[in-house]
Structures are given as structure tokens and as C-alpha cells.
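Trainee: Just dropping this structure here.
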2 protein chains.
Amino acid sequence: MQYKPLILITNDDGITAPGLRALIKIMNKIGEVVVVAPDSPQSGMGHAITVDNVLTCNPITIDEGPQLEYSCSGTAADCVKIAVNEILNRKPDLCVSGINHGSNSSINIIYSGTMSAAIEAGIKGIPAIGFSLLDFKWHANFKPSEEYVKNITLNALLHGIPESIVLNVNIPNLKEEEIKGVKICRQANGYWKEDFDKRKSPYGKEYYWLSGEFVNKDKGQDTDVYALENGYVAVVPVQFDMTAHHMIQKLNSWEL
Amino acid sequence: MQYKPLILITNDDGITAPGLRALIKIMNKIGEVVVVAPDSPQSGMGHAITVDNVLTCNPITIDEGPQLEYSCSGTAADCVKIAVNEILNRKPDLCVSGINHGSNSSINIIYSGTMSAAIEAGIKGIPAIGFSLLDFKWHANFKPSEEYVKNITLNALLHGIPESIVLNVNIPNLKEEEIKGVKICRQANGYWKEDFDKRKSPYGKEYYWLSGEFVNKDKGQDTDVYALENGYVAVVPVQFDMTAHHMIQKLNSWEL
């Protein structure tokens with residue numbers, strides 16, 4: 001019998017999200033699948049973990065299939081922690097997170113629950129990939145993503161992902177025939193220009209809604225944003241050593 | 001009249017936290033201070049932002065002093081966004097976050113609201129520093145931190161912090177005379193080994209409390225953890241380009 005890799009799946013849009021459902025279908029063809037995902041959407045939660053409240057994690061059946069599924073009250077990062085410690089009986093061979101409804105390219109990685117789950121797995125020494133489709137809609141079309149998700153996953157299992165690295169994969173919102181291929185990229189230098197929508201409650205109290213638009217400051221043609229704008233799937237290798245090593249020497253000249 | 005720098009202060013332990021109060025006192029001696037901080041503790045929230053709910057932000061007076069203070073319903077990163085867009089009439093010269101009650105050295109930076117606020121400011125092109133004391137207690141002694149916080153801040157204002165870099169400063173929980181000085185460090189390679197405390201509710205439902213212990217895998221003597229263990233204040237320059245640039249060439253050999 002062929003060895004089947006154990007694949008842990010999670011996301012931050014919640015266990016019923018169509019992007020997660022699409023990912024389960026792809027992974028069922030590759031390995032033995034266990035899903036541990038949030039019971040409600042956790043978008044924008046960054047690398048939050050639940051330290052001030054209890055967590056629940058219960059078996060659930062949402063779709064038919066060979067996968068085991070668990071619904072967890074916490075964040076995406078919580079799901080990875082509880083899966084590895086309480087659900088799985090061995091370390092998974094791979095953790096995949098997504099497919100996120102919306103981009104996690106450029107600075108979005110910082111705010112991303114999808115990527116925080118992949119990073120949490122990476123910290124634990126588990127090869128991990130976050131997948132995102134550039135379409136926020138709940139009923140986004142994940143069909144064109146399938147071949148790319150499958151191929152990148154098979155390559156990761158074949159070649160391995162070095163320790164302390166995880167992959168951030170973003171897929172353009174295009175038809176299958178319009179996607180030109182895959183580019184290995186660096187994270188574009190960008191930011192969100194906020195637009196606070198200030199309103200008044202019926203009782204006269206002021207409140208805000210946070211929204212905004214993404215600004216790409218980066219003219220480079222080797223960035224994830226450039227690749228996506230030009231019809232390519234963008235793969236960024238991500239590290240969680242955030243040290244700016246090149247700055248250490250300079251700081252040593254300060255009088256501290 | 002001498003130019004006074006505009007200093008934005010925030011934290012993740014909440015606006016009444018003694019660590020924030022200590023930071024305000026120090027900064028009042030250096031510049032014009034505006035505080036925009038969460039109305040409740042936000043620890044473990046990572047780089048969460050509030051996209052699924054409204055935000056409130058209201059003037060408040062907690063301590064006497066020249067500072068202006070605002071209490072915000074969101075996370076530490078939200079506080080920086082709302083401060084820059086809705087509260088301040090010009091871009092601050094510096095953003096300081098903390099003083100956090102507890103360590104943000106090594107991998108803790110990933111889970112840290114304190115550092116997410118500093119990083120959020122850095123993304124906006126504002127020089128920023130996160131300060132943390134290695135004492136979780138609410139009534140921790142912030143006195144020995146004062147000279148170091150002040151000196152590092154003055155150096156940052158004097159020399160400037162290059163764009164796309166923020167500083168992560170951790171202070172050992174020692175008496176003034178026991179602290180040996182300041183070391184510029186890299187982030188230690190470590191992780192949290194979780195310990196889920198499984199319990200049953202009075203109604204028979206299982207739930208978990210997340211706890212654990214920090215494991216330092218790093219033998220290096222140039223890390224923040226090593227510096228702190230040896231009585232030094234640790235300063236790590238942090239970048240938010242998370243690309244593992246050295247991996248790009250290797251990934252280009254995959255068949256994608």
C-alpha cells in the first residue's frame with residue numbers, strides 16, 4: 001500500500017466556506033485529510049490566539065468524503081495548535097490553509113488569518129502553504145485554482161519546504177485559460193490607505209467603520225502584486241524570523 | 001521655542017495598564033504626547049484589525065498630565081489606524097507601544113499586539129518602537145525600565161529609524177543595578193510548546209484552556225533571549241517584508 005501523507009487543513013473564513021470545501025476536495029486526492037477549522041469567520045484576526053477565553057473543538061460532518069472534520073471556536077492559529085496537540089495522533093506531513101476568499105499578497109500577509117495558520121504550522125516544523133484567491137465573494141469560482149493548488153502541493157511534498165519557511169500562494173481571479181502560469185515572487189511593498197466611515201448611532205454616539213484601499217508602492221516586476229496583475233499565480237516563500245539583519249550593525253553605532 | 005516631537009502612544013494591555021502609564025510619564029518629558037489605546041486588554045491578538053464590527057474612539061482622562069488620551073474599542077493595530085486618520089492633525093514623529101506586561105522576545109513577536117501596533121505604524125512610515133518588560137504582573141515594577149526606554153527613544157529621534165524597520169525592545173525583570181546594558185540582537189528561534197488543559201463544563205461539554213511553555217531552540221549568543229537571560233536589554237530591528245529572499249532561487253527549480 002502506498003504511503004498517504006497526513007494533511008491538516010484549516011482556514012480563517014470558517015468551516016463552511018466554499019474555499020475550504022474546494023481545498024478539501026483537492027487534498028482528498030493527495031492524502032489522508034483532517035480538517036480543523038473555525039466555527040465562524042476570523043478574517044482580519046492576524047496571528048491572534050485565544051488566551052482569555054476557553055476553546056471548544058468538536059467533530060462535525062459538513063460534506064460527504066473520507067476527511068475527518070472538527071469545528072473549533074478559536075482563530076485559525078488556535079485551530080493548528082489544537083489539531084497538533086489534541087486531535088492528530090501524529091505530526092502532519094503538510095498543513096494547507098485556505099483557499100482564502102480574497103488576496104493575501106503584499107502587506108495583507110500581516111493581517112491574514114489564513115497565513116497565520118500556515119505560519120503557526122511552520123513554527124511547529126510542519127511544511128505549510130496558505131492559498132488565497134483574489135475574489136472576496138462567498139461564491140467565488142475556485143475551479144481555475146484547482147490545478148495550481150494540486151501541483152504546488154505535490155511539489156511541496158516531493159521537494160519538501162525547508163524549516164522556518166512557509167509558502168504564500170495567491171491566485172488571480174481569472175478563467176483557467178487566462179492564467180499564464182506560476183511565478184516565484186517577493187512580497188510587494190504596499191500598505192492600506194484607510195478610509196474611516198464616521199457615523200452616528202440613533203442615540204447620537206459616534207462610531208466608525210474601517211475600510212480602505214490597497215496602495216502598491218513597489219515598482220518591482222518581481223513582486224507578488226505584479227505577478228497577479230499580469231495573470232500569474234504568485235508564490236512567495238515566507239519566513240517568520242522578522243529580524244532586519246542588515247540593521248544590526250547600524251544600530252550598534254547608537255549610544256545605548 | 002524648541003520643536004517638540006509628536007509622539008503617539010498605544011499598547012495592547014489596555015488604556016489603564018501601569019505599563020502604558022509608565023510610558024506616558026517618560027514620553028511627556030520628550031515630546032507632545034497623544035495616547036490612543038484599547039479600552040480593554042487585547043493580548044494575544046496578534047495583528048488583528050476590526051473589519052467585522054464598528055469602532056468607537058473617545059477622549060478620556062485617566063491621569064493628570066499634558067497628554068491627550070483616547071480610549072478605543074479596537075485592537076492595538078486599530079488604535080494606530082484611527083489615531084493617524086481621525087485623531088492626529090499631523091503625522092507623528094514617533095509611535096511607541098507598551099510598556100507591555102510580559103515578554104515579546106523571539107517568536108512572541110508574532111502573537112504580540114504591542115508589536116503589531118509598532119509594525120502598523122512602521123507600515124505607515126512612522127518610526128516606531130515596541131517596549132516590553134519581562135513581568136506579566138499587573139503591578140510589575142517599571143522603574144528600572146525608565147532610563148532605557150528614554151535613552152532608546154532619544155536615540156531613535158536623533159538618528160532616525162530607517163523606513164520599513166521598527167524596533168522590538170525587551171527589558172529583563174531585574175533591579176536597576178542588575179541590568180548590564182543594551183544589546184542589539186536578532187530574534188531567537190523558538191516556539192511555544194502548548195499544554196491544553198481539557199475540562200468539562202457542569203453540563204458535560206468539553207472545553208480547553210490554552211497554555212504552554214516557551215522553548216528556545218537557538219544556541220546563538222546574539223539572540224534577544226540570550227541577552228535577556230544574561231541581564232541585558234534586547235533591541236531587535238524588525239522588518240515586515242516577510243519574504244525569505246534566499247529561497248526564491250531554490251523554488252524556481254520546482255516544476256510549477
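So you can find residues: chains in the C-alpha cells are A, B, ... in the order shown, residues in each start at 1, and ligands are numbered from 1 in order.
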Show me, as a PyMOL selection string, the residues of chain B whose atoms get within 7 Å of chain A, using only C-alpha atoms for the distance check.
Mentor: chain B and resi 44-51+54-56+110-111+123+151-152+155+182+184-187+191+206-210+236-245+247-248+251-252+254+256
Trainee: Extract, using only C-alpha atoms, all DNA, RNA and protein residues at most 7 Å from segment 7-17 of chain B, discarding same-chain residues fewer than 3 positions from it, and format them as a list in words.
Mentor: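 So, after excluding close chain neighbours, the residues are Leu20, Arg21, Gly31, Glu32, Val33, Val34, Val35, Val36, Ala37, Pro38, Asp39, Ser40, Pro41, Gln42, Ser43, Ser71, Ala76, Pro92, Asp93, Leu94, Cys95, Val96, Ser97, Gly98, Asn100, Gly113 and Thr114 of chain B.
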Trainee: List the spatial neighbours of Ile30 of chain B as a PyMOL selection string - criterion: any atom at most 8 Å away, only C-alpha atoms, same-chain residues fewer than 4 positions off excluded.
Mentor: chain B and resi 4-5+26+154
Trainee: Kindly give the distance, in Å, that separates atom CA of Cys72 of chain A and atom CA of Ser132 of chain A, rounded to a single decimal.
Mentor: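 Between atom CA of Cys72 of chain A and atom CA of Ser132 of chain A the gap is 21.0 Å.
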Trainee: Go through A:Val215, A:Leu174, A:Ile87, A:Val80 one by one, measure the shortest atom-to-atom distance of each to Ala128 of chain A using only C-alpha atoms, and give the residue with the smallest value.
Mentor: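 Among the listed residues, A:Val80 lies closest to Ala128 of chain A.
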Trainee: Can you tell me, as a short mmCIF file (atom, residue, chain, number, x, y, z; two decimals) with C-alpha atoms, in the first residue's frame, which residues in segment 64-221 of chain B count as helix (DSSP H, G or I) by DSSP?
Mentor:
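Result file selection.cif:
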```cif
data_model
loop_
_atom_site.label_atom_id
_atom_site.label_comp_id
_atom_site.auth_asym_id
_atom_site.auth_seq_id
_atom_site.Cartn_x
_atom_site.Cartn_y
_atom_site.Cartn_z
CA ALA B 76 -3.71 47.87 19.14
CA ALA B 77 -3.35 47.97 15.33
CA ASP B 78 -6.82 49.61 15.07
CA CYS B 79 -5.66 52.28 17.54
CA VAL B 80 -2.76 53.28 15.29
CA LYS B 81 -5.02 53.36 12.21
CA ILE B 82 -7.67 55.50 13.88
CA ALA B 83 -5.09 57.78 15.54
CA VAL B 84 -3.35 58.58 12.27
CA ASN B 85 -6.54 59.01 10.24
CA GLU B 86 -9.02 60.56 12.68
CA ILE B 87 -7.31 61.91 15.81
CA ASN B 108 6.31 36.09 20.76
CA ILE B 109 6.54 38.96 18.29
CA ILE B 110 4.16 37.01 16.03
CA TYR B 111 1.42 36.90 18.71
CA GLY B 113 -0.48 43.18 19.96
CA THR B 114 2.19 45.55 21.29
CA MET B 115 4.45 44.82 18.35
CA SER B 116 1.55 44.78 15.86
CA ALA B 117 0.89 48.41 16.79
CA ALA B 118 4.54 49.31 16.24
CA ILE B 119 4.53 47.42 12.92
CA GLU B 120 1.29 49.11 11.85
CA ALA B 121 2.97 52.48 12.46
CA GLY B 122 6.07 51.31 10.57
CA ILE B 123 3.91 50.32 7.58
CA LYS B 143 11.00 51.94 37.36
CA PRO B 144 14.19 50.15 36.22
CA SER B 145 12.95 50.36 32.60
CA GLU B 146 12.66 54.14 32.57
CA GLU B 147 16.22 55.16 31.73
CA TYR B 148 16.45 52.55 28.96
CA VAL B 149 13.12 53.48 27.40
CA LYS B 150 14.08 57.16 27.48
CA ASN B 151 17.56 56.64 26.06
CA ILE B 152 16.46 54.33 23.25
CA THR B 153 13.68 56.77 22.33
CA LEU B 154 16.06 59.75 22.25
CA ASN B 155 18.49 57.79 20.08
CA ALA B 156 15.66 56.87 17.70
CA LEU B 157 14.64 60.54 17.40
CA LEU B 158 18.26 61.62 16.93
CA HIS B 159 19.43 59.00 14.43
CA GLU B 176 18.27 48.91 38.08
CA GLU B 177 21.72 47.98 39.30
CA GLU B 178 21.40 44.44 37.93
#
```
Trainee: From the list B:Ile171, B:Ile24, B:Asn216, B:Gly204, which residue is nearest Ala234 of chain B when using only C-alpha atoms?
Mentor: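 Using only C-alpha atoms, the shortest distance to Ala234 of chain B belongs to B:Ile171.
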Trainee: Please identify which residues in segment 23-211 of chain A DSSP calls strand (DSSP E or B) from the backbone, and express them as a PyMOL selection string.
Mentor: chain A and resi 32-38+55+57-59+68-72+94-101+128-133+165-171+181-184+186+190-200+206-211
